[in-house]
Amino acid sequence: MTETTTNSGSALETKLEPTAGFSIKAFFRSPAAGAFMGFVAVFVLFSIFGYDRNFLSVPGMTTWMNFASIIGMIAIPVGFLMIAGELDISTGAVVPASTMTVAIVSQHYEMPVMVGIAAALAVGALIGFINGFIVTRTRVPSFIVTLATLFAVAGITLYLSIFFINNTNSFYHAPDWAKSLFGGKVFGFNSSVFWWLGMIAGFIFFLHYSPKGSWVFALGGDQESARNAGIPVRKMKIGLFMLCSTSAAFAGVLQVITFNSATSQANFGLIFNTIISVVVGGVLLTGGFGTVMGIVFGVLTLSIVTQAIGFTQIDRNLSFLIIGVMLLIAVLLNDTFRQLATSWSTAKKK
Amino acid sequence: MSDVKPVLELRNVDKSFGPIDVLHDISLKVGAGEVLCLLGDNGAGKSTLIKLMSGVYQPTRGDIMMDGEKITFISPRDAQERGIATVHQFGGTYPLMSIGRNFFMGAEPTKGVWPLKVFDRKTANRIAVEEVQKMGITRITDGDRLVGGLSGGERQSLAIARAVYFGARVLILDEPTAALGVKQAAHVLRIVNQAKRRGLAVIFITHQVMHAMAVGDHFAVLIRGAVAADFHKGEKTREQIADLMAGGESMAELEANIEGYMETHGGQPPPPAH
Ligand SMILES: Nc1ncnc2c1ncn2[C@@H]1O[C@H](COP(=O)(O)OP(=O)(O)OP(=O)(O)O)[C@@H](O)[C@H]1O
Ligand SMILES: [Mg+2]
């Protein structure tokens, strides 16, 4: 008896079906929906309060875009790891390790700039490999593993900086071509903004279009089933950790060439900024769900609130409050959007 | 049936997890076009046994043979590449991913040329929906739907459809009918028979005597990690099989005990033995 009802129901459903494509409804089911709405809300709010304080001017735009590009190129691979069910907080030590590597190799040892960059990226890749290796071979949660490498790498960076150049800070002047490629400015936008845009395209392709993108979600959705389905769980995870640390190292390279200075101080703020961006961006903390564009909007929103508040009449001291409230609202909203995403077909049947 | 050359064979296989011995001296074989039903109580070791055959675990001792040759499955992927498809008892689907992506997980269809090869969403969705409908789940018509919105039985049917689609030589189903309605269970049994006719070797785990008898050619009963009985179709009656499945205790006796207890205790079933 139940069969007959299901069958007639499905006949109806097939008739209603051919409205796939893009639609407003589809947008609200996407993990990026909440992040996009948050971004619009913050942007509009800041435009109103910042209209006569140059929020919409070029210097206003570039301030938060330049900041966003550095956070963003790290936040997206951090988001990949979160989608895969892992966390990486060692980035706060990878960036200074990378800046010091460039300075030591290319300034003090006078090697060509490309050697310095390659060395910095190799340092990043190695740290990522160590993170991934420990996480996949032990049962220690990645939060703890990367907390340990955060401190270990920060310590090694300080120690080796003193060892090689007897200073915890350094400087580096890149040759002109490298300066304009990695640390130049176009209408006030740093090179890092353009690098970030390119990386966004690559990351979107990898996560949402390439066949391996599915595997990232499967790792966070159900790791055991992913392994049973033949997915090389360890290799994928190690690869994602390496992508994350190497991206952080690249951000360090861009920083040292842009600002001509390097520091060995761990950047703890960066850790919070990347994780807040990822969560505001609609990535599920427990893994299995998220989008690149969501993270991008998360990064942009965070950057506006923290960097552009000086271009508005809003009291600068309120920016942390706004971030805190925004984070909570985002998580609540994202829960709702996820429910919508899972149940949309049932709602459609009426 | 015994003259069929075994596709997959276990020879004196033991499996232990550290100090815990789960399987002891298992020898079993399954041939092409044959359905082996694995029966046994909860915790008897059925799932562990099929995980040895699908590359999830490696045996502690003993050999696995495929087509008469000794092999070692180094990973689930290795077993899959040799044509062994498995539906495990738990999991197998990812709630926050689409039906199409779930169906092709680990074996994604692509279009375009490297390095711009992309996941072929349309093809994946179309095949996934077709295959799931063959399992009698006609309500599923859109491959973009997230699996989290499906019922438990629909998810299980998706996992089974996937294994049937990818299984080239051996199909292993661990309690595939557990979450299914009467109609869908019948579909699964029909699919098992189809797979058998296509010449696949099928290993089928169930707790339901009727399902076992409907498809099984060959039965093996596990009791506490050892093969307690190994017989062919028609060699034992339904009652005998049921008794073996209950771990060797007589079901008729158990039922009579419970009935007797309920009569004297105002319809209350007895409390569990321990
Ligand atoms: N990874 C493991 N480590 C330790 N013990 C295990 C492990 N996997 C299974 N076991 C033990 O092996 C025994 C058999 O488990 P198994 O899952 O194979 O049983 P089963 O026959 O499939 O039972 P069911 O009918 O409930 O599915 C159980 O006692 C279980 O506790
Ligand atoms: Mg089992």
# chains A, B, ... in the order shown; residues from 1 in each chain; ligands from 1

$ closest_atom_pairs --of "chain B" --to "ligand 2" --cutoff "9 Å" --atoms "only C-alpha atoms and all ligand atoms" --output "Markdown table"
| residue | atom | partner | partner_atom_place_in_ligand_line | distance |
| --- | --- | --- | --- | --- |
| B:Asn42 | CA | ligand 2 | 1 (Mg) | 6.9 |
| B:Gly43 | CA | ligand 2 | 1 (Mg) | 6.9 |
| B:Ala44 | CA | ligand 2 | 1 (Mg) | 8.1 |
| B:Gly45 | CA | ligand 2 | 1 (Mg) | 6.9 |
| B:Lys46 | CA | ligand 2 | 1 (Mg) | 5.5 |
| B:Ser47 | CA | ligand 2 | 1 (Mg) | 4.0 |
| B:Thr48 | CA | ligand 2 | 1 (Mg) | 7.2 |
| B:His88 | CA | ligand 2 | 1 (Mg) | 8.3 |
| B:Gln89 | CA | ligand 2 | 1 (Mg) | 6.0 |
| B:Phe90 | CA | ligand 2 | 1 (Mg) | 8.5 |
| B:Asp174 | CA | ligand 2 | 1 (Mg) | 6.7 |
| B:Glu175 | CA | ligand 2 | 1 (Mg) | 7.3 |
| B:Ile205 | CA | ligand 2 | 1 (Mg) | 8.1 |

$ residues_near_ligand --ligand "ligand 1" --cutoff "12 Å" --atoms "only C-alpha atoms and all ligand atoms" --output "PyMOL selection string"
(chain A and resi 224) or (chain B and resi 14-24+38-52+56-58+88-90+173-176+178+204-208+221-227+245-247)

$ residues_around --residues "B:Phe73" --least-positions-apart "6" --cutoff "8 Å" --atoms "only C-alpha atoms" --output "ChimeraX atom specification"
/B:53-55,58,79

$ write_last_selection --atoms "N, CA, C and O atoms" --output "PDB file, in the first residue's frame"
ATOM      1  N   MET B  53      38.625  -9.849   3.239  1.00  0.00           N
ATOM      2  CA  MET B  53      38.476 -10.100   1.807  1.00  0.00           C
ATOM      3  C   MET B  53      38.367  -8.816   1.006  1.00  0.00           C
ATOM      4  O   MET B  53      38.421  -8.844  -0.218  1.00  0.00           O
ATOM      5  N   SER B  54      38.155  -7.685   1.697  1.00  0.00           N
ATOM      6  CA  SER B  54      38.042  -6.435   0.945  1.00  0.00           C
ATOM      7  C   SER B  54      39.232  -5.514   1.192  1.00  0.00           C
ATOM      8  O   SER B  54      39.197  -4.342   0.841  1.00  0.00           O
ATOM      9  N   GLY B  55      40.272  -6.047   1.810  1.00  0.00           N
ATOM     10  CA  GLY B  55      41.511  -5.284   1.933  1.00  0.00           C
ATOM     11  C   GLY B  55      41.560  -4.308   3.090  1.00  0.00           C
ATOM     12  O   GLY B  55      42.521  -3.561   3.228  1.00  0.00           O
ATOM     13  N   GLN B  58      44.502  -7.144   7.080  1.00  0.00           N
ATOM     14  CA  GLN B  58      45.274  -8.262   6.562  1.00  0.00           C
ATOM     15  C   GLN B  58      45.207  -9.393   7.590  1.00  0.00           C
ATOM     16  O   GLN B  58      45.178  -9.119   8.793  1.00  0.00           O
ATOM     17  N   ALA B  79      42.017  -4.204  -3.378  1.00  0.00           N
ATOM     18  CA  ALA B  79      40.960  -5.207  -3.539  1.00  0.00           C
ATOM     19  C   ALA B  79      39.957  -4.758  -4.601  1.00  0.00           C
ATOM     20  O   ALA B  79      39.515  -5.550  -5.432  1.00  0.00           O
TER      21      ALA B  79
END

$ interface_residues --of "chain B" --to "chain A" --cutoff "10 Å" --atoms "only C-alpha atoms" --output "PDB file with N, CA and C atoms, in the first residue's frame"
ATOM      1  N   LYS B  51      36.078  -8.051   5.954  1.00  0.00           N
ATOM      2  CA  LYS B  51      37.075  -6.973   5.855  1.00  0.00           C
ATOM      3  C   LYS B  51      38.432  -7.524   5.435  1.00  0.00           C
ATOM      4  N   SER B  54      38.155  -7.685   1.697  1.00  0.00           N
ATOM      5  CA  SER B  54      38.042  -6.435   0.945  1.00  0.00           C
ATOM      6  C   SER B  54      39.232  -5.514   1.192  1.00  0.00           C
ATOM      7  N   GLY B  55      40.272  -6.047   1.810  1.00  0.00           N
ATOM      8  CA  GLY B  55      41.511  -5.284   1.933  1.00  0.00           C
ATOM      9  C   GLY B  55      41.560  -4.308   3.090  1.00  0.00           C
ATOM     10  N   VAL B  56      40.519  -4.303   3.941  1.00  0.00           N
ATOM     11  CA  VAL B  56      40.533  -3.381   5.082  1.00  0.00           C
ATOM     12  C   VAL B  56      41.549  -3.865   6.123  1.00  0.00           C
ATOM     13  N   SER B  75      45.462  -2.746   0.394  1.00  0.00           N
ATOM     14  CA  SER B  75      44.550  -1.680   0.805  1.00  0.00           C
ATOM     15  C   SER B  75      43.179  -1.983   0.209  1.00  0.00           C
ATOM     16  N   PRO B  76      42.144  -1.296   0.683  1.00  0.00           N
ATOM     17  CA  PRO B  76      40.827  -1.486   0.064  1.00  0.00           C
ATOM     18  C   PRO B  76      40.861  -1.184  -1.435  1.00  0.00           C
ATOM     19  N   ARG B  77      41.682  -0.197  -1.803  1.00  0.00           N
ATOM     20  CA  ARG B  77      41.761   0.164  -3.214  1.00  0.00           C
ATOM     21  C   ARG B  77      42.297  -1.013  -4.038  1.00  0.00           C
ATOM     22  N   ASP B  78      43.290  -1.688  -3.481  1.00  0.00           N
ATOM     23  CA  ASP B  78      43.889  -2.846  -4.139  1.00  0.00           C
ATOM     24  C   ASP B  78      42.814  -3.903  -4.409  1.00  0.00           C
ATOM     25  N   ALA B  79      42.017  -4.204  -3.378  1.00  0.00           N
ATOM     26  CA  ALA B  79      40.960  -5.207  -3.539  1.00  0.00           C
ATOM     27  C   ALA B  79      39.957  -4.758  -4.601  1.00  0.00           C
ATOM     28  N   GLN B  80      39.636  -3.460  -4.573  1.00  0.00           N
ATOM     29  CA  GLN B  80      38.687  -2.936  -5.562  1.00  0.00           C
ATOM     30  C   GLN B  80      39.210  -3.085  -6.969  1.00  0.00           C
ATOM     31  N   GLU B  81      40.500  -2.792  -7.122  1.00  0.00           N
ATOM     32  CA  GLU B  81      41.069  -2.868  -8.461  1.00  0.00           C
ATOM     33  C   GLU B  81      41.076  -4.293  -8.991  1.00  0.00           C
ATOM     34  N   ALA B  85      33.970  -5.648  -4.828  1.00  0.00           N
ATOM     35  CA  ALA B  85      33.215  -4.488  -4.343  1.00  0.00           C
ATOM     36  C   ALA B  85      32.489  -4.880  -3.068  1.00  0.00           C
ATOM     37  N   THR B  86      32.545  -4.003  -2.083  1.00  0.00           N
ATOM     38  CA  THR B  86      32.012  -4.335  -0.766  1.00  0.00           C
ATOM     39  C   THR B  86      31.055  -3.270  -0.270  1.00  0.00           C
ATOM     40  N   VAL B  87      29.955  -3.707   0.313  1.00  0.00           N
ATOM     41  CA  VAL B  87      29.111  -2.791   1.078  1.00  0.00           C
ATOM     42  C   VAL B  87      29.307  -3.162   2.529  1.00  0.00           C
ATOM     43  N   HIS B  88      29.939  -2.266   3.275  1.00  0.00           N
ATOM     44  CA  HIS B  88      30.175  -2.563   4.679  1.00  0.00           C
ATOM     45  C   HIS B  88      28.907  -2.334   5.474  1.00  0.00           C
ATOM     46  N   PHE B  90      28.401  -0.620   8.163  1.00  0.00           N
ATOM     47  CA  PHE B  90      28.137   0.760   8.572  1.00  0.00           C
ATOM     48  C   PHE B  90      28.798   1.737   7.606  1.00  0.00           C
ATOM     49  N   GLY B  91      28.241   2.924   7.545  1.00  0.00           N
ATOM     50  CA  GLY B  91      28.856   3.982   6.739  1.00  0.00           C
ATOM     51  C   GLY B  91      28.668   3.726   5.254  1.00  0.00           C
ATOM     52  N   GLY B  92      29.629   4.218   4.491  1.00  0.00           N
ATOM     53  CA  GLY B  92      29.563   4.013   3.048  1.00  0.00           C
ATOM     54  C   GLY B  92      28.975   5.188   2.303  1.00  0.00           C
ATOM     55  N   THR B  93      28.338   6.120   3.037  1.00  0.00           N
ATOM     56  CA  THR B  93      27.828   7.319   2.366  1.00  0.00           C
ATOM     57  C   THR B  93      28.235   8.546   3.175  1.00  0.00           C
ATOM     58  N   TYR B  94      28.215   9.699   2.513  1.00  0.00           N
ATOM     59  CA  TYR B  94      28.639  10.960   3.127  1.00  0.00           C
ATOM     60  C   TYR B  94      27.447  11.906   3.085  1.00  0.00           C
ATOM     61  N   PRO B  95      26.861  12.199   4.257  1.00  0.00           N
ATOM     62  CA  PRO B  95      25.589  12.912   4.295  1.00  0.00           C
ATOM     63  C   PRO B  95      25.595  14.274   3.612  1.00  0.00           C
ATOM     64  N   LEU B  96      26.713  15.005   3.691  1.00  0.00           N
ATOM     65  CA  LEU B  96      26.672  16.369   3.160  1.00  0.00           C
ATOM     66  C   LEU B  96      27.178  16.444   1.724  1.00  0.00           C
ATOM     67  N   MET B  97      27.183  15.303   1.039  1.00  0.00           N
ATOM     68  CA  MET B  97      27.585  15.314  -0.369  1.00  0.00           C
ATOM     69  C   MET B  97      26.431  14.813  -1.225  1.00  0.00           C
ATOM     70  N   SER B  98      26.494  15.166  -2.504  1.00  0.00           N
ATOM     71  CA  SER B  98      25.387  14.821  -3.381  1.00  0.00           C
ATOM     72  C   SER B  98      25.366  13.322  -3.687  1.00  0.00           C
ATOM     73  N   ARG B 101      28.053  12.405  -6.294  1.00  0.00           N
ATOM     74  CA  ARG B 101      29.421  12.372  -5.759  1.00  0.00           C
ATOM     75  C   ARG B 101      29.604  11.176  -4.838  1.00  0.00           C
ATOM     76  N   ASN B 102      28.575  10.852  -4.057  1.00  0.00           N
ATOM     77  CA  ASN B 102      28.635   9.685  -3.205  1.00  0.00           C
ATOM     78  C   ASN B 102      28.828   8.415  -4.018  1.00  0.00           C
ATOM     79  N   PHE B 104      30.055   7.857  -6.918  1.00  0.00           N
ATOM     80  CA  PHE B 104      31.323   7.675  -7.619  1.00  0.00           C
ATOM     81  C   PHE B 104      32.539   7.976  -6.748  1.00  0.00           C
ATOM     82  N   MET B 105      32.357   8.025  -5.432  1.00  0.00           N
ATOM     83  CA  MET B 105      33.479   8.344  -4.549  1.00  0.00           C
ATOM     84  C   MET B 105      34.665   7.415  -4.781  1.00  0.00           C
ATOM     85  N   GLY B 106      35.800   8.010  -5.090  1.00  0.00           N
ATOM     86  CA  GLY B 106      37.007   7.227  -5.312  1.00  0.00           C
ATOM     87  C   GLY B 106      37.152   6.728  -6.739  1.00  0.00           C
ATOM     88  N   ALA B 107      36.119   6.912  -7.566  1.00  0.00           N
ATOM     89  CA  ALA B 107      36.180   6.445  -8.960  1.00  0.00           C
ATOM     90  C   ALA B 107      35.456   7.447  -9.842  1.00  0.00           C
ATOM     91  N   GLU B 108      35.797   8.718  -9.658  1.00  0.00           N
ATOM     92  CA  GLU B 108      35.057   9.809 -10.284  1.00  0.00           C
ATOM     93  C   GLU B 108      35.177   9.797 -11.809  1.00  0.00           C
ATOM     94  N   PRO B 109      34.033   9.923 -12.505  1.00  0.00           N
ATOM     95  CA  PRO B 109      34.099  10.094 -13.956  1.00  0.00           C
ATOM     96  C   PRO B 109      34.573  11.514 -14.262  1.00  0.00           C
ATOM     97  N   THR B 110      35.381  11.665 -15.297  1.00  0.00           N
ATOM     98  CA  THR B 110      35.900  12.998 -15.598  1.00  0.00           C
ATOM     99  C   THR B 110      35.622  13.344 -17.049  1.00  0.00           C
ATOM    100  N   LYS B 111      35.695  14.628 -17.343  1.00  0.00           N
ATOM    101  CA  LYS B 111      35.689  15.068 -18.727  1.00  0.00           C
ATOM    102  C   LYS B 111      36.752  16.152 -18.887  1.00  0.00           C
ATOM    103  N   PRO B 115      45.598  19.443 -17.638  1.00  0.00           N
ATOM    104  CA  PRO B 115      45.333  19.492 -16.201  1.00  0.00           C
ATOM    105  C   PRO B 115      43.958  20.058 -15.866  1.00  0.00           C
ATOM    106  N   LEU B 116      43.099  20.155 -16.855  1.00  0.00           N
ATOM    107  CA  LEU B 116      41.776  20.748 -16.586  1.00  0.00           C
ATOM    108  C   LEU B 116      40.689  19.687 -16.569  1.00  0.00           C
ATOM    109  N   LYS B 117      41.053  18.491 -16.159  1.00  0.00           N
ATOM    110  CA  LYS B 117      40.060  17.430 -16.032  1.00  0.00           C
ATOM    111  C   LYS B 117      39.079  17.778 -14.929  1.00  0.00           C
ATOM    112  N   VAL B 118      37.794  17.743 -15.237  1.00  0.00           N
ATOM    113  CA  VAL B 118      36.832  18.058 -14.189  1.00  0.00           C
ATOM    114  C   VAL B 118      35.907  16.871 -13.945  1.00  0.00           C
ATOM    115  N   PHE B 119      35.362  16.859 -12.737  1.00  0.00           N
ATOM    116  CA  PHE B 119      34.380  15.859 -12.353  1.00  0.00           C
ATOM    117  C   PHE B 119      33.156  16.018 -13.250  1.00  0.00           C
ATOM    118  N   ASP B 120      32.761  14.937 -13.890  1.00  0.00           N
ATOM    119  CA  ASP B 120      31.637  15.002 -14.821  1.00  0.00           C
ATOM    120  C   ASP B 120      30.336  14.819 -14.033  1.00  0.00           C
ATOM    121  N   ARG B 121      29.815  15.941 -13.551  1.00  0.00           N
ATOM    122  CA  ARG B 121      28.682  15.903 -12.640  1.00  0.00           C
ATOM    123  C   ARG B 121      27.444  15.308 -13.310  1.00  0.00           C
ATOM    124  N   ILE B 137      14.301   2.182  -5.588  1.00  0.00           N
ATOM    125  CA  ILE B 137      14.151   3.482  -4.912  1.00  0.00           C
ATOM    126  C   ILE B 137      13.763   4.491  -5.994  1.00  0.00           C
ATOM    127  N   THR B 138      12.478   4.544  -6.307  1.00  0.00           N
ATOM    128  CA  THR B 138      12.047   5.396  -7.415  1.00  0.00           C
ATOM    129  C   THR B 138      11.868   6.846  -6.999  1.00  0.00           C
ATOM    130  N   ARG B 139      11.896   7.085  -5.690  1.00  0.00           N
ATOM    131  CA  ARG B 139      11.735   8.474  -5.232  1.00  0.00           C
ATOM    132  C   ARG B 139      12.952   9.329  -5.553  1.00  0.00           C
ATOM    133  N   ILE B 140      14.091   8.692  -5.772  1.00  0.00           N
ATOM    134  CA  ILE B 140      15.301   9.460  -6.062  1.00  0.00           C
ATOM    135  C   ILE B 140      15.366   9.761  -7.550  1.00  0.00           C
ATOM    136  N   THR B 141      15.288  11.060  -7.871  1.00  0.00           N
ATOM    137  CA  THR B 141      15.299  11.430  -9.284  1.00  0.00           C
ATOM    138  C   THR B 141      16.339  12.501  -9.572  1.00  0.00           C
ATOM    139  N   ASP B 142      16.943  13.067  -8.519  1.00  0.00           N
ATOM    140  CA  ASP B 142      17.885  14.155  -8.728  1.00  0.00           C
ATOM    141  C   ASP B 142      19.216  13.828  -8.053  1.00  0.00           C
ATOM    142  N   ASP B 144      21.724  15.611  -7.617  1.00  0.00           N
ATOM    143  CA  ASP B 144      22.339  16.715  -6.878  1.00  0.00           C
ATOM    144  C   ASP B 144      21.893  16.765  -5.424  1.00  0.00           C
ATOM    145  N   ARG B 145      20.868  15.985  -5.102  1.00  0.00           N
ATOM    146  CA  ARG B 145      20.388  15.993  -3.713  1.00  0.00           C
ATOM    147  C   ARG B 145      21.464  15.514  -2.759  1.00  0.00           C
ATOM    148  N   LEU B 146      21.481  16.087  -1.559  1.00  0.00           N
ATOM    149  CA  LEU B 146      22.445  15.630  -0.568  1.00  0.00           C
ATOM    150  C   LEU B 146      21.941  14.334   0.066  1.00  0.00           C
ATOM    151  N   VAL B 147      22.863  13.419   0.301  1.00  0.00           N
ATOM    152  CA  VAL B 147      22.502  12.122   0.843  1.00  0.00           C
ATOM    153  C   VAL B 147      21.914  12.245   2.258  1.00  0.00           C
ATOM    154  N   GLY B 148      22.330  13.281   2.998  1.00  0.00           N
ATOM    155  CA  GLY B 148      21.802  13.499   4.341  1.00  0.00           C
ATOM    156  C   GLY B 148      20.286  13.624   4.384  1.00  0.00           C
ATOM    157  N   GLY B 149      19.675  13.982   3.251  1.00  0.00           N
ATOM    158  CA  GLY B 149      18.221  14.115   3.214  1.00  0.00           C
ATOM    159  C   GLY B 149      17.507  12.818   2.867  1.00  0.00           C
ATOM    160  N   LEU B 150      18.253  11.735   2.656  1.00  0.00           N
ATOM    161  CA  LEU B 150      17.623  10.455   2.315  1.00  0.00           C
ATOM    162  C   LEU B 150      17.342   9.653   3.583  1.00  0.00           C
ATOM    163  N   ALA B 163      28.070  -0.674  -5.184  1.00  0.00           N
ATOM    164  CA  ALA B 163      28.894  -1.894  -5.192  1.00  0.00           C
ATOM    165  C   ALA B 163      28.536  -2.771  -6.386  1.00  0.00           C
ATOM    166  N   LYS B 183       9.823  -4.426   0.263  1.00  0.00           N
ATOM    167  CA  LYS B 183       9.963  -4.332  -1.181  1.00  0.00           C
ATOM    168  C   LYS B 183      11.430  -4.151  -1.572  1.00  0.00           C
TER     169      LYS B 183
END

$ select_by_dssp --residues "stretch 69-300 of chain A" --states "strand (DSSP E or B)" --output "list of chain:residue names"
A:Asn169, A:Ser170, A:Phe171, A:Lys185, A:Val186, A:Phe189, A:Asn190, A:Ser261, A:Ala262, A:Thr263

$ write_last_selection --atoms "N, CA and C atoms" --output "compact mmCIF listing (two decimals), in the first residue's frame"
# COMPACT_ATOMS: atom_id res chain seq x y z
N ASN A 169 65.32 39.96 13.99
CA ASN A 169 64.67 40.61 12.85
C ASN A 169 65.69 40.82 11.76
N SER A 170 65.19 40.94 10.54
CA SER A 170 66.13 41.18 9.46
C SER A 170 65.41 41.95 8.35
N PHE A 171 66.10 42.15 7.27
CA PHE A 171 65.53 42.93 6.16
C PHE A 171 65.97 42.26 4.88
N LYS A 185 53.14 47.25 -6.33
CA LYS A 185 51.84 47.86 -6.07
C LYS A 185 51.21 48.28 -7.39
N VAL A 186 49.92 48.03 -7.55
CA VAL A 186 49.16 48.51 -8.70
C VAL A 186 47.95 49.25 -8.15
N PHE A 189 47.09 48.44 -4.71
CA PHE A 189 46.90 47.03 -4.37
C PHE A 189 48.25 46.31 -4.44
N ASN A 190 48.60 45.62 -3.37
CA ASN A 190 49.85 44.86 -3.36
C ASN A 190 49.78 43.70 -4.35
N SER A 261 61.14 43.61 5.12
CA SER A 261 61.60 43.25 6.45
C SER A 261 61.08 41.88 6.85
N ALA A 262 61.84 41.25 7.71
CA ALA A 262 61.49 39.92 8.18
C ALA A 262 61.57 39.89 9.69
N THR A 263 60.67 39.10 10.31
CA THR A 263 60.73 38.97 11.75
C THR A 263 60.57 37.51 12.13

$ residues_around --residues "A:Val95" --least-positions-apart "4" --cutoff "6 Å" --atoms "only C-alpha atoms" --output "PyMOL selection string"
chain A and resi 248-249+252

$ write_last_selection --atoms "N, CA and C atoms" --output "mmCIF file, in the first residue's frame"
data_model
loop_
_atom_site.group_PDB
_atom_site.id
_atom_site.type_symbol
_atom_site.label_atom_id
_atom_site.label_comp_id
_atom_site.auth_asym_id
_atom_site.auth_seq_id
_atom_site.Cartn_x
_atom_site.Cartn_y
_atom_site.Cartn_z
ATOM 1 N N ALA A 248 51.186 29.172 3.441
ATOM 2 C CA ALA A 248 51.585 30.113 4.491
ATOM 3 C C ALA A 248 53.002 30.623 4.222
ATOM 4 N N ALA A 249 53.881 29.710 3.793
ATOM 5 C CA ALA A 249 55.254 30.120 3.481
ATOM 6 C C ALA A 249 55.261 31.106 2.314
ATOM 7 N N GLY A 252 54.428 34.408 3.471
ATOM 8 C CA GLY A 252 55.614 34.997 4.101
ATOM 9 C C GLY A 252 56.560 35.588 3.070
#

$ residues_around --residues "A:Asn131" --least-positions-apart "6" --cutoff "7 Å" --atoms "only C-alpha atoms" --output "PyMOL selection string"
chain A and resi 145-146+241

$ residues_around --residues "A:Ser245" --least-positions-apart "6" --cutoff "9 Å" --atoms "only C-alpha atoms" --output "number ranges by chain"
A: 74, 77-78, 88, 90-91, 94-95, 121, 123-129

$ select_by_dssp --residues "stretch 41-212 of chain B" --states "helix (DSSP H, G or I)" --output "NGL selection string"
:B and (46-53 or 76-81 or 99-103 or 121-134 or 147-149 or 152-166 or 182-197 or 209-212)

$ residues_around --residues "B:Asp217" --least-positions-apart "6" --cutoff "6 Å" --atoms "only C-alpha atoms" --output "NGL selection string"
:B and (35 or 232-233)

$ write_last_selection --atoms "N, CA and C atoms" --output "PDB file, in the first residue's frame"
ATOM      1  N   VAL B  35      26.582 -17.929  -4.572  1.00  0.00           N
ATOM      2  CA  VAL B  35      26.320 -17.042  -3.441  1.00  0.00           C
ATOM      3  C   VAL B  35      26.671 -17.772  -2.152  1.00  0.00           C
ATOM      4  N   HIS B 232      25.791 -26.960   1.775  1.00  0.00           N
ATOM      5  CA  HIS B 232      25.195 -26.437   0.557  1.00  0.00           C
ATOM      6  C   HIS B 232      23.682 -26.407   0.652  1.00  0.00           C
ATOM      7  N   LYS B 233      23.128 -25.732  -0.304  1.00  0.00           N
ATOM      8  CA  LYS B 233      21.683 -25.586  -0.395  1.00  0.00           C
ATOM      9  C   LYS B 233      21.012 -26.959  -0.342  1.00  0.00           C
TER      10      LYS B 233
END

$ atom_distance --atom1 "atom CA of B:Glu154" --atom2 "atom CA of B:Ala212"
21.5 Å

$ atom_distance --atom1 "atom CA of B:Met210" --atom2 "atom CA of B:Val182"
11.9 Å

$ decode --residues "stretch 212-219 of chain A" --atoms "N, CA, C and O atoms" --output "mmCIF file, in the first residue's frame"
data_model
loop_
_atom_site.group_PDB
_atom_site.id
_atom_site.type_symbol
_atom_site.label_atom_id
_atom_site.label_comp_id
_atom_site.auth_asym_id
_atom_site.auth_seq_id
_atom_site.Cartn_x
_atom_site.Cartn_y
_atom_site.Cartn_z
ATOM 1 N N LYS A 212 39.408 15.020 -7.488
ATOM 2 C CA LYS A 212 39.926 14.789 -6.131
ATOM 3 C C LYS A 212 39.251 15.671 -5.083
ATOM 4 O O LYS A 212 39.378 15.410 -3.885
ATOM 5 N N GLY A 213 38.564 16.710 -5.531
ATOM 6 C CA GLY A 213 37.869 17.577 -4.586
ATOM 7 C C GLY A 213 36.910 16.796 -3.700
ATOM 8 O O GLY A 213 36.827 17.030 -2.499
ATOM 9 N N SER A 214 36.202 15.849 -4.297
ATOM 10 C CA SER A 214 35.264 15.006 -3.538
ATOM 11 C C SER A 214 35.961 14.317 -2.369
ATOM 12 O O SER A 214 35.367 14.102 -1.323
ATOM 13 N N TRP A 215 37.205 13.942 -2.589
ATOM 14 C CA TRP A 215 37.916 13.172 -1.562
ATOM 15 C C TRP A 215 38.103 13.992 -0.305
ATOM 16 O O TRP A 215 38.068 13.464 0.803
ATOM 17 N N VAL A 216 38.336 15.307 -0.485
ATOM 18 C CA VAL A 216 38.536 16.175 0.673
ATOM 19 C C VAL A 216 37.289 16.141 1.557
ATOM 20 O O VAL A 216 37.372 15.982 2.775
ATOM 21 N N PHE A 217 36.129 16.243 0.913
ATOM 22 C CA PHE A 217 34.876 16.214 1.666
ATOM 23 C C PHE A 217 34.669 14.846 2.310
ATOM 24 O O PHE A 217 34.190 14.742 3.439
ATOM 25 N N ALA A 218 35.018 13.786 1.581
ATOM 26 C CA ALA A 218 34.816 12.436 2.110
ATOM 27 C C ALA A 218 35.663 12.205 3.358
ATOM 28 O O ALA A 218 35.215 11.571 4.308
ATOM 29 N N LEU A 219 36.889 12.764 3.376
ATOM 30 C CA LEU A 219 37.759 12.600 4.543
ATOM 31 C C LEU A 219 37.085 13.152 5.792
ATOM 32 O O LEU A 219 37.158 12.557 6.860
#
